[in-house]
Each structure stands twice: as C-alpha cells, then as structure tokens.
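What follows is a short report on a single structure.
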Amino acid sequence: MVQHSSSVSAHSPGPIRTCVGCRTRVLAVDLLRFVARSSGDGISVIPDPARRLPGRGGWIHRSPECLQTAERRRAFGRALKVSGRFDLAELERELSR
C-alpha cells in the first residue's frame with residue numbers, strides 16, 4: 001500500500017485554508033472568511049467573521065498587505081468564482097479594525 005505525504009498534518013487542530021493575498025496555508029482561525037454579494041453596480045465582498053454566511057467563500061489574513069496583494073493579483077474573482085467589479089469597502093473596514 002502506498003502512503004502519500006501531505007504538507008498538512010493529519011492531526012492538525014483545525015481546517016487549513018490558503019490566504020488569497022500571500023498564498024500562505026494556515027489554520028482557518030488565523031484568517032478572515034469573506035463572501036460575495038451582488039450589489040447594484042457590481043459585487044460586494046462581505047467579511048464573514050462568524051463563518052456562517054452562505055455561498056462560496058475565500059480567506060485572507062487580517063492585514064492590509066494581503067488585501068493589497070490580493071487586489072493586485074485579482075484573486076477575489078478566482079477565489080469566489082465570479083467576475084465583475086468588486087466593492088471591497090466592507091472588507092477594508094473589517095481589516096482596519
């Protein structure tokens with residue numbers, strides 16, 4: 001029987017997620033989840049600190065640097081599997097806390 005090794009331990013203390021900004025894999029508790037919501041002239045990216053909102057979500061570190069990197073890389077569309085203009089105002093407010 002062949003065993004495959006993984007970069008994620010089988011005994012990790014929780015789920016592992018990837019930050020859309022820096023692409024680092026860390027525990028989900030260290031990241032902020034966000035989801036997309038349709039708005040009048042685009043798509044709003046809504047923070048989901050309780051991790052309860054429905055729909056496909058993405059994950060990001062609570063740092064302005066990761067937000068800027070994700071914007072530059074156009075990572076929100078790929079992470080959320082949607083296209084259009086993204087309104088990041090609510091996410092920016094949450095990350096500035």
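Residues in the structure tokens are named by chain (A, B, ... in the order shown) and by number from 1 within that chain; ligands are numbered from 1 in the order shown.
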
request  = Write out as a PyMOL selection string each polymer residue whose atoms come within 9 Å of stretch 58-75 of chain A, counting only C-alpha atoms; drop sequence neighbours fewer than 6 positions from it.
outcome  = chain A and resi 17-23+28+30-35+91-92+94-97

Any chance you could export the current selection's N, CA and C atoms as a short mmCIF file (atom, residue, chain, number, x, y, z; two decimals), in the first residue's frame?
data_model
loop_
_atom_site.label_atom_id
_atom_site.label_comp_id
_atom_site.auth_asym_id
_atom_site.auth_seq_id
_atom_site.Cartn_x
_atom_site.Cartn_y
_atom_site.Cartn_z
N ARG A 17 -6.56 26.61 5.55
CA ARG A 17 -7.03 27.40 4.43
C ARG A 17 -5.86 28.20 3.86
N THR A 18 -6.03 28.71 2.64
CA THR A 18 -4.99 29.49 1.97
C THR A 18 -5.44 30.94 1.85
N CYS A 19 -4.58 31.85 2.27
CA CYS A 19 -4.85 33.28 2.14
C CYS A 19 -4.80 33.66 0.66
N VAL A 20 -5.82 34.40 0.17
CA VAL A 20 -5.85 34.78 -1.24
C VAL A 20 -4.80 35.84 -1.55
N GLY A 21 -4.27 36.50 -0.55
CA GLY A 21 -3.25 37.52 -0.76
C GLY A 21 -1.85 36.93 -0.86
N CYS A 22 -1.36 36.39 0.24
CA CYS A 22 0.02 35.91 0.29
C CYS A 22 0.16 34.44 -0.09
N ARG A 23 -0.98 33.73 -0.26
CA ARG A 23 -1.00 32.32 -0.65
C ARG A 23 -0.38 31.39 0.39
N ALA A 28 -7.51 27.98 9.69
CA ALA A 28 -8.62 28.87 9.35
C ALA A 28 -8.88 29.90 10.44
N ASP A 30 -6.86 31.66 11.92
CA ASP A 30 -5.94 32.79 11.74
C ASP A 30 -6.30 33.67 10.55
N LEU A 31 -7.36 33.31 9.83
CA LEU A 31 -7.77 34.05 8.64
C LEU A 31 -9.20 34.57 8.79
N LEU A 32 -9.55 35.55 7.96
CA LEU A 32 -10.90 36.10 7.91
C LEU A 32 -11.59 35.55 6.66
N ARG A 33 -12.76 35.00 6.84
CA ARG A 33 -13.53 34.49 5.69
C ARG A 33 -14.31 35.65 5.08
N PHE A 34 -14.49 35.61 3.76
CA PHE A 34 -15.32 36.60 3.08
C PHE A 34 -16.15 35.90 2.01
N VAL A 35 -17.27 36.53 1.65
CA VAL A 35 -18.17 36.01 0.62
C VAL A 35 -18.55 37.14 -0.33
N LEU A 91 -14.90 44.92 3.43
CA LEU A 91 -13.74 44.10 3.81
C LEU A 91 -12.61 44.98 4.31
N GLU A 92 -12.36 46.12 3.66
CA GLU A 92 -11.33 47.05 4.10
C GLU A 92 -11.63 47.58 5.51
N GLU A 94 -13.36 46.08 7.86
CA GLU A 94 -13.13 44.98 8.81
C GLU A 94 -11.65 44.75 9.06
N LEU A 95 -10.85 44.85 8.03
CA LEU A 95 -9.41 44.62 8.18
C LEU A 95 -8.70 45.77 8.90
N SER A 96 -9.29 46.95 8.90
CA SER A 96 -8.67 48.09 9.56
C SER A 96 -8.95 48.12 11.06
N ARG A 97 -9.79 47.23 11.54
CA ARG A 97 -10.10 47.18 12.99
C ARG A 97 -8.94 46.68 13.79
#

request  = Work out how far atom CA of A:Gly57 is from atom CA of A:Arg37, in Å to one decimal.
outcome  =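 Answer for the atom CA of A:Arg37 to atom CA of A:Gly57 separation: 10.7 Å.
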
message = For the structure I just gave you, how does DSSP split chain A - specifically, which residues are strand (DSSP E or B)? Reply as a PyMOL selection string.
response = chain A and resi 16-18+25-27+32-39+42-47+57-60+86-87

inquiry  = As an exercise, work out the distance from atom CA of A:Ile16 to atom CA of A:Pro49 in Å and give it to one decimal place.
reply    =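 Value for the atom CA of A:Ile16-atom CA of A:Pro49 distance: 16.1 Å.
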
task = One decimal, Å: what's the distance from atom CA of A:Val26 over to atom CA of A:Ile43, could you say?
result = 26.8 Å

ask   = Tell me, which residues of chain A carry DSSP alpha helix (DSSP H), written as a ChimeraX atom specification?
value = /A:64-73,75-80,89-95

key: Near-A:Gly40 list (12 Å; only C-alpha atoms; drop same-chain fewer than 3 positions) as a list in words   = Arg37, Ile43, Ser44, Gly84, Arg85, Phe86 and Asp87 of chain A

ask   = Hey, what's within 12 Å of A:Arg56 if we count only C-alpha atoms and toss same-chain stuff fewer than 5 positions away? As a list in words, please?
value =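 Within the cut-off, the hits are Arg33, Phe34, Val35, Ala36, Arg37, Val45, Ile46, Asp48, Arg51, Phe76, Gly77, Arg78, Ala79, Leu80, Lys81 and Val82 of chain A.
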
How would the residues just picked look written out with N, CA, C and O atoms as a short mmCIF file (atom, residue, chain, number, x, y, z; two decimals), in the first residue's frame?
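Result file follows (again-v4.cif):
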data_model
loop_
_atom_site.label_atom_id
_atom_site.label_comp_id
_atom_site.auth_asym_id
_atom_site.auth_seq_id
_atom_site.Cartn_x
_atom_site.Cartn_y
_atom_site.Cartn_z
N ARG A 33 -12.76 35.00 6.84
CA ARG A 33 -13.53 34.49 5.69
C ARG A 33 -14.31 35.65 5.08
O ARG A 33 -14.75 36.55 5.77
N PHE A 34 -14.49 35.61 3.76
CA PHE A 34 -15.32 36.60 3.08
C PHE A 34 -16.15 35.90 2.01
O PHE A 34 -15.83 34.80 1.57
N VAL A 35 -17.27 36.53 1.65
CA VAL A 35 -18.17 36.01 0.62
C VAL A 35 -18.55 37.14 -0.33
O VAL A 35 -18.35 38.32 -0.01
N ALA A 36 -19.13 36.80 -1.47
CA ALA A 36 -19.57 37.79 -2.45
C ALA A 36 -21.08 37.96 -2.36
O ALA A 36 -21.81 36.99 -2.16
N ARG A 37 -21.52 39.21 -2.52
CA ARG A 37 -22.94 39.54 -2.58
C ARG A 37 -23.15 40.48 -3.75
O ARG A 37 -22.39 41.43 -3.92
N VAL A 45 -17.78 42.49 -1.58
CA VAL A 45 -17.06 41.46 -0.84
C VAL A 45 -17.32 41.71 0.63
O VAL A 45 -16.91 42.74 1.18
N ILE A 46 -18.03 40.79 1.26
CA ILE A 46 -18.52 40.95 2.63
C ILE A 46 -17.68 40.09 3.58
O ILE A 46 -17.54 38.89 3.36
N ASP A 48 -16.98 37.79 6.74
CA ASP A 48 -17.80 36.80 7.45
C ASP A 48 -17.03 36.27 8.65
O ASP A 48 -16.60 35.11 8.67
N ARG A 51 -18.20 33.05 10.10
CA ARG A 51 -18.09 31.91 9.17
C ARG A 51 -19.42 31.19 9.00
O ARG A 51 -19.49 29.96 8.98
N PHE A 76 -9.72 37.91 -5.96
CA PHE A 76 -11.09 37.78 -5.46
C PHE A 76 -12.00 37.06 -6.45
O PHE A 76 -12.80 36.23 -6.07
N GLY A 77 -11.88 37.37 -7.72
CA GLY A 77 -12.70 36.70 -8.73
C GLY A 77 -12.43 35.22 -8.81
O GLY A 77 -13.35 34.41 -8.90
N ARG A 78 -11.16 34.85 -8.74
CA ARG A 78 -10.80 33.42 -8.79
C ARG A 78 -11.26 32.70 -7.52
O ARG A 78 -11.77 31.58 -7.59
N ALA A 79 -11.06 33.32 -6.38
CA ALA A 79 -11.43 32.67 -5.11
C ALA A 79 -12.94 32.47 -5.00
O ALA A 79 -13.41 31.44 -4.51
N LEU A 80 -13.70 33.47 -5.46
CA LEU A 80 -15.15 33.42 -5.32
C LEU A 80 -15.86 32.87 -6.55
O LEU A 80 -17.07 32.68 -6.55
N LYS A 81 -15.09 32.62 -7.62
CA LYS A 81 -15.64 32.09 -8.88
C LYS A 81 -16.73 32.99 -9.44
O LYS A 81 -17.78 32.52 -9.90
N VAL A 82 -16.49 34.31 -9.41
CA VAL A 82 -17.40 35.30 -10.00
C VAL A 82 -16.56 36.33 -10.75
O VAL A 82 -15.37 36.47 -10.49
#
